[in-house]
$ cat query-v1.cif   # mmCIF, C-alpha atoms (C1' of nucleotides)
data_target
loop_
_atom_site.label_atom_id
_atom_site.label_comp_id
_atom_site.auth_asym_id
_atom_site.auth_seq_id
_atom_site.Cartn_x
_atom_site.Cartn_y
_atom_site.Cartn_z
CA MET A 1 -14.42 2.13 -3.54
CA VAL A 2 -12.34 4.06 -6.02
CA ILE A 3 -11.81 1.18 -8.42
CA ARG A 4 -15.53 1.19 -9.20
CA TYR A 5 -15.21 4.66 -10.66
CA ALA A 6 -11.92 3.96 -12.35
CA ILE A 7 -13.68 1.14 -14.18
CA LEU A 8 -16.73 3.25 -14.95
CA GLY A 9 -14.42 5.95 -16.26
CA LEU A 10 -12.76 3.59 -18.70
CA LEU A 11 -16.14 2.25 -19.76
CA SER A 12 -17.23 5.84 -20.42
CA TRP A 13 -14.78 5.77 -23.32
CA LYS A 14 -15.68 2.42 -24.78
CA PRO A 15 -16.75 -1.09 -23.78
CA PHE A 16 -14.14 -3.33 -22.20
CA THR A 17 -13.81 -6.88 -20.98
CA GLY A 18 -12.49 -7.59 -17.50
CA TYR A 19 -9.28 -8.88 -18.97
CA GLU A 20 -8.74 -5.73 -20.98
CA LEU A 21 -9.43 -3.55 -17.95
CA LYS A 22 -6.81 -5.44 -16.00
CA LYS A 23 -4.27 -4.72 -18.69
CA VAL A 24 -5.19 -1.05 -18.84
CA PHE A 25 -4.69 -0.77 -15.08
CA ALA A 26 -1.38 -2.56 -15.28
CA ASP A 27 -0.07 -0.24 -18.00
CA SER A 28 -1.68 2.99 -16.93
CA VAL A 29 0.27 5.98 -15.71
CA ALA A 30 -2.80 7.41 -14.00
CA LEU A 31 -4.66 4.47 -12.50
CA TYR A 32 -2.82 2.57 -9.94
CA TRP A 33 -4.21 -0.89 -9.36
CA SER A 34 -1.39 -3.23 -9.50
CA GLY A 35 -0.02 -5.99 -11.63
CA ASN A 36 -2.66 -8.59 -11.85
CA SER A 37 -5.66 -6.94 -10.36
CA ASN A 38 -8.30 -9.62 -10.29
CA GLN A 39 -10.32 -7.22 -8.25
CA VAL A 40 -11.96 -6.15 -11.51
CA TYR A 41 -14.00 -9.32 -11.85
CA PRO A 42 -16.01 -9.10 -8.66
CA VAL A 43 -16.31 -5.33 -9.06
CA LEU A 44 -17.76 -5.73 -12.54
CA VAL A 45 -20.34 -8.15 -11.18
CA GLN A 46 -21.19 -5.60 -8.52
CA LEU A 47 -21.51 -2.77 -11.02
CA HIS A 48 -23.78 -4.96 -13.09
CA ARG A 49 -25.91 -5.80 -10.09
CA ASP A 50 -26.22 -2.06 -9.45
CA GLY A 51 -27.32 -1.37 -13.01
CA LEU A 52 -24.33 0.81 -13.81
CA VAL A 53 -23.09 -1.45 -16.59
CA THR A 54 -24.49 -3.99 -19.02
CA VAL A 55 -22.83 -7.17 -20.26
CA ARG A 56 -22.80 -8.75 -23.65
CA THR A 57 -21.32 -12.22 -23.86
CA GLU A 58 -19.33 -12.90 -27.00
CA LYS A 59 -19.16 -16.53 -27.92
CA SER A 60 -15.69 -16.75 -29.34
CA THR A 61 -14.39 -19.86 -30.98
CA GLY A 62 -12.31 -21.88 -28.58
CA TYR A 63 -11.45 -19.24 -26.01
CA PRO A 64 -13.56 -18.92 -22.93
CA GLU A 65 -16.34 -16.56 -23.75
CA LYS A 66 -15.65 -12.86 -23.50
CA LYS A 67 -17.83 -10.65 -21.38
CA VAL A 68 -17.91 -7.18 -22.83
CA TYR A 69 -19.10 -4.55 -20.40
CA SER A 70 -20.70 -1.24 -21.37
CA ILE A 71 -21.67 1.68 -19.21
CA THR A 72 -25.35 2.59 -18.78
CA PRO A 73 -26.81 6.10 -18.52
CA LEU A 74 -27.19 5.41 -14.81
CA GLY A 75 -23.51 4.49 -14.72
CA MET A 76 -22.58 7.71 -16.52
CA SER A 77 -24.44 9.84 -14.04
CA ALA A 78 -23.02 7.92 -11.10
CA LEU A 79 -19.53 8.53 -12.47
CA THR A 80 -20.15 12.22 -13.06
CA ALA A 81 -21.65 12.64 -9.62
CA TRP A 82 -18.68 10.89 -8.05
CA VAL A 83 -16.15 13.07 -9.83
CA ALA A 84 -18.04 16.25 -9.01
CA THR A 85 -18.99 15.65 -5.42
CA THR A 86 -16.38 13.40 -3.84
CA ALA A 87 -14.16 15.32 -1.48
CA PRO A 88 -10.75 15.31 -3.13
CA GLU A 89 -8.46 13.56 -0.70
CA LEU A 90 -4.75 13.65 -0.28
CA PRO A 91 -3.12 10.26 -0.13
CA GLN A 92 -1.49 9.93 3.26
CA SER A 93 2.01 9.13 2.31
CA ARG A 94 2.95 5.96 4.09
CA SER A 95 6.54 5.50 3.17
CA ILE A 96 8.38 2.46 4.40
CA PHE A 97 11.60 4.28 3.62
CA LEU A 98 10.77 7.11 6.03
CA THR A 99 10.19 4.55 8.77
CA GLN A 100 13.58 3.07 8.02
CA LEU A 101 15.13 6.51 8.09
CA ALA A 102 13.56 7.21 11.46
CA TRP A 103 15.82 4.61 13.03
CA ALA A 104 18.67 4.77 10.58
CA ASP A 105 20.81 6.29 13.31
CA LEU A 106 21.33 2.71 14.45
CA LEU A 107 23.44 2.17 11.36
CA PRO A 108 27.10 3.03 10.82
CA LYS A 109 27.80 5.78 8.33
CA GLU A 110 28.42 3.46 5.39
CA ASP A 111 25.22 1.50 5.90
CA LEU A 112 23.19 4.69 6.07
CA ALA A 113 24.86 5.90 2.90
CA SER A 114 24.06 2.60 1.27
CA LEU A 115 20.43 2.89 2.30
CA LEU A 116 20.21 6.33 0.73
CA ASP A 117 21.93 5.06 -2.39
CA ARG A 118 19.53 2.22 -2.79
CA TYR A 119 16.57 4.52 -2.30
CA GLU A 120 17.88 7.01 -4.82
CA GLU A 121 18.36 4.20 -7.29
CA GLU A 122 14.79 3.09 -6.70
CA VAL A 123 13.44 6.59 -7.27
CA THR A 124 15.56 7.11 -10.37
CA MET A 125 14.47 3.79 -11.80
CA ARG A 126 10.85 4.53 -11.17
CA LEU A 127 11.24 7.92 -12.81
CA ALA A 128 12.81 6.34 -15.87
CA MET A 129 10.12 3.68 -16.06
CA HIS A 130 7.40 6.24 -15.73
CA ARG A 131 8.91 8.45 -18.45
CA GLU A 132 9.17 5.43 -20.70
CA LYS A 133 5.54 4.52 -20.05
CA VAL A 134 4.46 8.06 -20.85
CA ARG A 135 6.55 8.07 -24.00
CA ARG A 136 5.08 4.88 -25.40
CA ARG A 137 1.57 5.63 -24.28
CA PRO A 138 -0.74 5.20 -27.27
CA ALA A 139 -2.18 8.37 -28.70
CA ALA A 140 -5.80 8.42 -27.61
CA PRO A 141 -8.17 9.71 -30.24
CA ASP A 142 -11.56 11.27 -29.65
CA ARG A 143 -10.43 13.28 -26.65
CA THR A 144 -11.19 16.88 -26.07
CA PRO A 145 -8.16 19.15 -25.72
CA ARG A 146 -9.06 19.66 -22.11
CA GLU A 147 -9.09 15.94 -21.42
CA THR A 148 -5.78 15.50 -23.18
CA PHE A 149 -4.35 18.26 -21.03
CA LEU A 150 -5.67 16.70 -17.85
CA TRP A 151 -4.11 13.35 -18.67
CA GLU A 152 -0.86 15.06 -19.49
CA MET A 153 -0.91 16.71 -16.07
CA ILE A 154 -1.71 13.41 -14.37
CA ALA A 155 1.34 11.91 -16.03
CA GLN A 156 3.35 14.95 -14.97
CA HIS A 157 2.23 14.52 -11.38
CA GLU A 158 4.33 11.42 -10.79
CA ILE A 159 7.32 13.07 -12.44
CA VAL A 160 7.01 16.18 -10.28
CA MET A 161 6.74 14.08 -7.11
CA LEU A 162 9.68 11.85 -7.95
CA GLU A 163 11.84 14.84 -8.79
CA ALA A 164 10.89 16.47 -5.50
CA GLU A 165 11.91 13.24 -3.83
CA LEU A 166 15.33 13.38 -5.47
CA THR A 167 15.82 17.01 -4.45
CA TRP A 168 14.93 16.14 -0.89
CA LEU A 169 17.32 13.19 -0.95
CA ALA A 170 20.14 15.42 -2.13
CA ARG A 171 19.49 17.72 0.82
CA ILE A 172 19.88 14.78 3.21
CA ARG A 173 23.16 13.86 1.58
CA GLU A 174 24.44 17.41 2.01
CA GLY A 175 23.47 17.46 5.65
CA LEU A 176 25.15 14.16 6.39
CA VAL A 177 28.58 15.02 5.04
CA MET B 178 4.71 -5.65 8.48
CA VAL B 179 6.14 -2.18 8.89
CA ILE B 180 4.30 -1.34 12.10
CA ARG B 181 6.29 -4.06 13.89
CA TYR B 182 9.47 -2.11 13.28
CA ALA B 183 7.91 1.26 13.96
CA ILE B 184 6.99 -0.08 17.39
CA LEU B 185 10.40 -1.65 17.93
CA GLY B 186 11.95 1.67 16.93
CA LEU B 187 10.00 3.57 19.55
CA LEU B 188 10.82 0.92 22.14
CA SER B 189 14.49 1.35 21.26
CA TRP B 190 14.22 4.77 22.89
CA LYS B 191 12.35 3.80 25.99
CA PRO B 192 9.63 1.45 27.24
CA PHE B 193 6.06 2.22 26.23
CA THR B 194 2.59 0.89 26.88
CA GLY B 195 0.28 0.09 23.98
CA TYR B 196 -1.81 3.09 24.83
CA GLU B 197 1.19 5.40 24.72
CA LEU B 198 2.33 3.95 21.40
CA LYS B 199 -1.10 4.63 19.94
CA LYS B 200 -0.81 8.25 20.98
CA VAL B 201 2.68 8.59 19.57
CA PHE B 202 1.47 7.25 16.23
CA ALA B 203 -1.49 9.60 16.24
CA ASP B 204 0.69 12.65 16.88
CA SER B 205 3.76 11.70 14.93
CA VAL B 206 4.92 13.54 11.85
CA ALA B 207 6.97 10.57 10.74
CA LEU B 208 4.95 7.47 11.55
CA TYR B 209 1.72 7.18 9.80
CA TRP B 210 -0.66 4.79 11.49
CA SER B 211 -3.87 6.58 11.88
CA GLY B 212 -6.12 7.97 14.51
CA ASN B 213 -6.97 5.17 16.81
CA SER B 214 -4.69 2.41 15.73
CA ASN B 215 -5.65 -0.54 17.85
CA GLN B 216 -3.36 -2.53 15.63
CA VAL B 217 -0.68 -2.00 18.26
CA TYR B 218 -2.23 -4.40 20.76
CA PRO B 219 -2.13 -7.56 18.67
CA VAL B 220 1.24 -6.57 17.23
CA LEU B 221 2.71 -6.18 20.71
CA VAL B 222 1.49 -9.65 21.62
CA GLN B 223 3.13 -10.95 18.47
CA LEU B 224 6.42 -9.20 19.21
CA HIS B 225 6.33 -10.68 22.68
CA ARG B 226 5.69 -14.14 21.32
CA ASP B 227 8.71 -13.67 19.06
CA GLY B 228 10.92 -12.63 21.95
CA LEU B 229 11.59 -9.15 20.59
CA VAL B 230 10.01 -7.40 23.57
CA THR B 231 9.35 -8.10 27.24
CA VAL B 232 6.35 -7.02 29.30
CA ARG B 233 6.13 -5.78 32.80
CA THR B 234 2.63 -5.42 34.21
CA GLU B 235 2.15 -2.47 36.48
CA LYS B 236 -0.64 -2.92 38.96
CA SER B 237 -1.97 0.58 39.16
CA THR B 238 -4.64 1.54 41.61
CA GLY B 239 -8.02 1.57 39.98
CA TYR B 240 -7.10 1.81 36.32
CA PRO B 241 -6.83 -1.36 34.31
CA GLU B 242 -3.30 -2.62 34.68
CA LYS B 243 -0.65 -1.11 32.47
CA LYS B 244 1.52 -3.31 30.33
CA VAL B 245 4.87 -1.68 29.83
CA TYR B 246 6.82 -3.11 26.93
CA SER B 247 10.59 -3.03 26.60
CA ILE B 248 12.77 -4.08 23.73
CA THR B 249 15.10 -7.07 24.09
CA PRO B 250 18.60 -7.43 22.60
CA LEU B 251 17.01 -9.75 20.05
CA GLY B 252 14.52 -7.00 19.27
CA MET B 253 17.29 -4.47 18.85
CA SER B 254 19.15 -6.62 16.38
CA ALA B 255 15.95 -7.42 14.49
CA LEU B 256 15.26 -3.69 14.21
CA THR B 257 18.77 -2.87 13.07
CA ALA B 258 18.73 -5.68 10.55
CA TRP B 259 15.40 -4.49 9.19
CA VAL B 260 16.57 -0.91 8.77
CA ALA B 261 19.82 -1.98 7.14
CA THR B 262 18.62 -4.69 4.82
CA THR B 263 15.04 -3.94 3.82
CA ALA B 264 14.86 -2.73 0.26
CA PRO B 265 13.77 0.91 0.53
CA GLU B 266 10.49 1.10 -1.29
CA LEU B 267 8.68 3.99 -2.85
CA PRO B 268 5.07 4.29 -1.84
CA GLN B 269 3.01 3.88 -4.96
CA SER B 270 1.00 7.05 -4.95
CA ARG B 271 -2.59 6.05 -5.06
CA SER B 272 -4.39 9.32 -5.24
CA ILE B 273 -8.14 9.40 -5.32
CA PHE B 274 -7.90 12.93 -6.62
CA LEU B 275 -5.95 11.85 -9.69
CA THR B 276 -8.64 9.31 -10.47
CA GLN B 277 -11.21 12.06 -10.21
CA LEU B 278 -9.14 14.28 -12.44
CA ALA B 279 -8.87 11.52 -15.01
CA TRP B 280 -12.57 11.90 -15.74
CA ALA B 281 -13.02 15.49 -14.74
CA ASP B 282 -13.63 16.34 -18.37
CA LEU B 283 -17.16 15.18 -17.71
CA LEU B 284 -17.62 18.31 -15.62
CA PRO B 285 -18.46 21.83 -16.74
CA LYS B 286 -15.73 24.40 -16.30
CA GLU B 287 -17.00 25.72 -12.98
CA ASP B 288 -17.29 22.28 -11.42
CA LEU B 289 -13.77 21.40 -12.48
CA ALA B 290 -12.54 24.69 -11.03
CA SER B 291 -14.38 23.91 -7.83
CA LEU B 292 -12.78 20.49 -7.65
CA LEU B 293 -9.34 22.05 -8.00
CA ASP B 294 -10.21 24.65 -5.38
CA ARG B 295 -11.29 22.05 -2.90
CA TYR B 296 -8.17 20.02 -3.49
CA GLU B 297 -5.93 23.04 -3.07
CA GLU B 298 -7.70 23.87 0.16
CA GLU B 299 -7.13 20.33 1.36
CA VAL B 300 -3.43 20.47 0.53
CA THR B 301 -3.01 23.89 2.12
CA MET B 302 -4.78 22.76 5.25
CA ARG B 303 -2.67 19.66 5.54
CA LEU B 304 0.45 21.74 5.07
CA ALA B 305 -0.62 24.11 7.85
CA MET B 306 -1.49 21.24 10.15
CA HIS B 307 1.79 19.55 9.49
CA ARG B 308 3.76 22.73 10.14
CA GLU B 309 1.86 23.20 13.37
CA LYS B 310 2.61 19.62 14.42
CA VAL B 311 6.29 20.11 13.69
CA ARG B 312 6.33 23.40 15.59
CA ARG B 313 4.83 21.97 18.75
CA ARG B 314 6.75 18.74 18.58
CA PRO B 315 8.41 18.17 21.91
CA ALA B 316 12.15 18.55 21.98
CA ALA B 317 13.55 15.05 22.22
CA PRO B 318 16.54 14.74 24.48
CA ASP B 319 19.24 12.09 24.30
CA ARG B 320 19.44 12.07 20.56
CA THR B 321 22.57 12.19 18.54
CA PRO B 322 22.92 15.17 16.19
CA ARG B 323 22.58 12.80 13.27
CA GLU B 324 19.32 11.40 14.57
CA THR B 325 17.97 14.88 15.17
CA PHE B 326 18.89 15.78 11.62
CA LEU B 327 17.21 12.69 10.20
CA TRP B 328 13.99 13.45 12.04
CA GLU B 329 14.14 17.02 10.83
CA MET B 330 14.43 15.76 7.26
CA ILE B 331 11.55 13.34 7.76
CA ALA B 332 9.41 16.26 8.87
CA GLN B 333 10.64 18.24 5.87
CA HIS B 334 9.65 15.44 3.53
CA GLU B 335 5.93 16.01 3.91
CA ILE B 336 6.42 19.75 3.49
CA VAL B 337 8.44 19.30 0.32
CA MET B 338 5.84 16.96 -1.14
CA LEU B 339 2.88 19.16 -0.30
CA GLU B 340 4.62 22.19 -1.76
CA ALA B 341 5.36 20.24 -4.93
CA GLU B 342 1.68 19.37 -5.03
CA LEU B 343 0.73 23.04 -4.85
CA THR B 344 3.17 23.95 -7.61
CA TRP B 345 1.75 21.23 -9.78
CA LEU B 346 -1.78 22.40 -9.06
CA ALA B 347 -0.88 25.93 -10.09
CA ARG B 348 0.35 24.57 -13.40
CA ILE B 349 -2.98 22.92 -14.02
CA ARG B 350 -4.76 26.16 -13.30
CA GLU B 351 -2.57 28.00 -15.79
CA GLY B 352 -3.22 25.43 -18.47
CA LEU B 353 -6.97 25.52 -17.98
CA VAL B 354 -7.46 29.24 -18.43
"C1'" DT C 355 -23.39 14.37 36.03
"C1'" DG C 356 -21.35 14.10 31.80
"C1'" DG C 357 -17.44 14.00 28.99
"C1'" DG C 358 -12.81 13.08 28.23
"C1'" DA C 359 -8.47 10.85 29.33
"C1'" DC C 360 -6.72 6.41 30.90
"C1'" DA C 361 -6.14 1.50 29.56
"C1'" DT C 362 -6.96 -2.88 27.51
"C1'" DG C 363 -8.58 -5.63 24.12
"C1'" DT C 364 -11.88 -8.16 20.26
"C1'" DA C 365 -14.55 -8.17 16.11
"C1'" DA C 366 -15.97 -6.65 11.82
"C1'" DT C 367 -15.17 -4.48 7.61
"C1'" DT C 368 -12.62 -2.68 3.79
"C1'" DT C 369 -9.25 -2.84 0.35
"C1'" DG C 370 -5.77 -4.69 -2.08
"C1'" DT C 371 -2.51 -8.45 -3.38
"C1'" DT C 372 -1.17 -13.06 -4.44
"C1'" DA C 373 -1.95 -17.66 -5.34
"C1'" DC C 374 -4.64 -21.06 -7.29
"C1'" DA C 375 -7.74 -23.37 -10.83
"C1'" DT C 376 -8.98 -24.13 -15.63
"C1'" DG C 377 -8.15 -24.50 -20.32
"C1'" DA C 378 -7.50 -23.06 -25.32
"C1'" DT C 379 -4.47 -20.70 -28.56
"C1'" DT C 380 -0.61 -18.50 -30.31
"C1'" DT C 381 4.18 -17.54 -30.47
"C1'" DT C 382 9.08 -18.71 -29.89
"C1'" DA D 383 7.86 -28.53 -26.73
"C1'" DA D 384 7.65 -24.74 -23.81
"C1'" DA D 385 6.20 -20.30 -22.85
"C1'" DA D 386 3.29 -16.49 -23.26
"C1'" DT D 387 -1.24 -14.62 -24.13
"C1'" DC D 388 -6.17 -14.93 -23.92
"C1'" DA D 389 -10.00 -15.18 -20.58
"C1'" DT D 390 -12.59 -16.18 -16.64
"C1'" DG D 391 -13.02 -16.64 -11.93
"C1'" DT D 392 -12.31 -18.20 -6.56
"C1'" DA D 393 -9.80 -18.39 -2.37
"C1'" DA D 394 -6.50 -17.06 0.77
"C1'" DC D 395 -3.89 -13.72 2.85
"C1'" DA D 396 -2.33 -9.13 4.53
"C1'" DA D 397 -2.92 -4.56 6.37
"C1'" DA D 398 -5.35 -0.98 8.08
"C1'" DT D 399 -9.54 1.27 9.74
"C1'" DT D 400 -13.57 1.46 12.47
"C1'" DA D 401 -16.70 -0.07 15.72
"C1'" DC D 402 -17.61 -2.36 19.80
"C1'" DA D 403 -16.92 -3.85 24.75
"C1'" DT D 404 -15.46 -2.77 29.46
"C1'" DG D 405 -14.48 0.00 33.30
"C1'" DT D 406 -12.00 3.73 36.28
"C1'" DC D 407 -10.64 8.24 37.30
"C1'" DC D 408 -10.59 13.21 36.99
"C1'" DC D 409 -12.18 17.66 35.96
"C1'" DA D 410 -15.53 21.21 34.87
#

$ encode --input "query-v1.cif" --output "structure tokens"
Amino acid sequence: MVIRYAILGLLSWKPFTGYELKKVFADSVALYWSGNSNQVYPVLVQLHRDGLVTVRTEKSTGYPEKKVYSITPLGMSALTAWVATTAPELPQSRSIFLTQLAWADLLPKEDLASLLDRYEEEVTMRLAMHREKVRRRPAAPDRTPRETFLWEMIAQHEIVMLEAELTWLARIREGLV
Amino acid sequence: MVIRYAILGLLSWKPFTGYELKKVFADSVALYWSGNSNQVYPVLVQLHRDGLVTVRTEKSTGYPEKKVYSITPLGMSALTAWVATTAPELPQSRSIFLTQLAWADLLPKEDLASLLDRYEEEVTMRLAMHREKVRRRPAAPDRTPRETFLWEMIAQHEIVMLEAELTWLARIREGLV
DNA sequence: TGGGACATGTAATTTGTTACATGATTTT
DNA sequence: AAAATCATGTAACAAATTACATGTCCCA
């Protein structure tokens, strides 16, 4: 399960609570678990059971008590091993839009055009949102230049893909005239 | 559920059995359900229950009896409505590789290089396989020129994306020297 | 005679999302 | 006074993959 290692990775920087991890995932340009990923809570329990993290409970006044998780040496080596040895997979692109396009010949010209318009708008919006996220991403201290570069390239990845999508869309438009 | 409409789409061409649909999905460059997608069987039952398809059972000698599914007028209009009105979504790219890369700074130079190599190999292989699939794709008769064009563009989509991936990878390599 | 294609299906598992439950505190 | 944020968690649902179960036919 990838989220295990995404969590371990974040904990390799500094301790986090489940709640904080959720927010990091929601805001991240690199890590993709969505909106309100309550998956973190059971996964943290699991990581703890496996000895990859430790917990320290902070009795805070009033609020429910915080559980601050830290990575263990065992966790660090599990993370490193995962990064080094996991076969790097390509995501199989499962695009709903492509399935729509496959039978878009059922539609009259205007409806097909409208479908393409709406998709382009979606891509453009996502591109803008992503750029905005990247722009207001907090400067992370204590990173090696190499790590900074890697994160920059991860952020670039989405941009490159969305731009390729737009180029491809333009080619469809040309062909349909 | 997208697979409902992928099935309806195929049935809009001609009747199919569940077994045949499975094979089409497995071989298709456009439709993504994987290897041995037994999902089709329960979905076909569901479509039948909803009146979007009809079944004709062919008593074949020896083999278990074939169930040939055909689309109904109701099914056709459900398909058309879906294509026309569903908001075209972008797949949120959930790449395991990017998660690995996010913490690849834990690795020594050679291991990082190896990770990139293996990923590039994966992308290149997928590109070759996809091109091969497209090349040996059977010529579909009875299609309008527009439909043929759309399917051509769907096949192109994967190629465009994989090539963008390779370009992006090359940029990482440059930056890491 | 053994494996693969034909043909149907069920069950289990995995992964991720969404909704629900609880309740204090801070901000508008 | 209402809404958002803090903070934990459970439960339900959805989608897709994989394994299992059954049995025939055909070809090497």

$ residues_around --input "query-v1.cif" --residues "Asp117 (chain A)" --least-positions-apart "5" --cutoff "12 Å" --atoms "all atoms listed in the file" --output "VMD selection string"
(chain A and resid 97 110 to 112 122 to 124 166 169 to 170 172 to 173) or (chain B and resid 264 to 265)

$ residues_around --input "query-v1.cif" --residues "region 314-318 of chain B" --least-positions-apart "5" --cutoff "9 Å" --atoms "only C-alpha atoms (C1' of nucleotides)" --output "ChimeraX atom specification"
/B:204-206,309,325

$ resolve_selection --input "query-v1.cif" --expression "the PyMOL selection byres ((chain B) within 8 of (chain A))" --output "number ranges by chain"
B: 179, 183, 186, 207-209, 257, 259-261, 264-284, 288-289, 292, 295-296, 299-300, 323-324, 326-328, 330-331, 334, 337-338, 341-342, 345, 349, 352-353

$ interface_residues --input "query-v1.cif" --of "chain B" --to "chain C" --cutoff "7 Å" --atoms "only C-alpha atoms (C1' of nucleotides)" --output "ChimeraX atom specification"
/B:196,240-241,243

$ write_last_selection --input "query-v1.cif" --atoms "C-alpha atoms" --output "CSV table (one decimal), keeping the file's coordinate frame"
chain,number,residue,atom,x,y,z
B,196,TYR,CA,-1.8,3.1,24.8
B,240,TYR,CA,-7.1,1.8,36.3
B,241,PRO,CA,-6.8,-1.4,34.3
B,243,LYS,CA,-0.6,-1.1,32.5

$ resolve_selection --input "query-v1.cif" --expression "the PyMOL selection byres ((chain D) within 12 of (chain A))" --output "PDB file with C-alpha atoms (C1' of nucleotides), in the coordinates of the input"
ATOM      1  C1'  DT D 387      -1.240 -14.620 -24.130  1.00  0.00           C
ATOM      2  C1'  DC D 388      -6.170 -14.930 -23.920  1.00  0.00           C
ATOM      3  C1'  DA D 389     -10.000 -15.180 -20.580  1.00  0.00           C
ATOM      4  C1'  DT D 390     -12.590 -16.180 -16.640  1.00  0.00           C
ATOM      5  C1'  DG D 391     -13.020 -16.640 -11.930  1.00  0.00           C
ATOM      6  C1'  DT D 392     -12.310 -18.200  -6.560  1.00  0.00           C
ATOM      7  C1'  DA D 393      -9.800 -18.390  -2.370  1.00  0.00           C
ATOM      8  C1'  DA D 398      -5.350  -0.980   8.080  1.00  0.00           C
TER       9       DA D 398
END
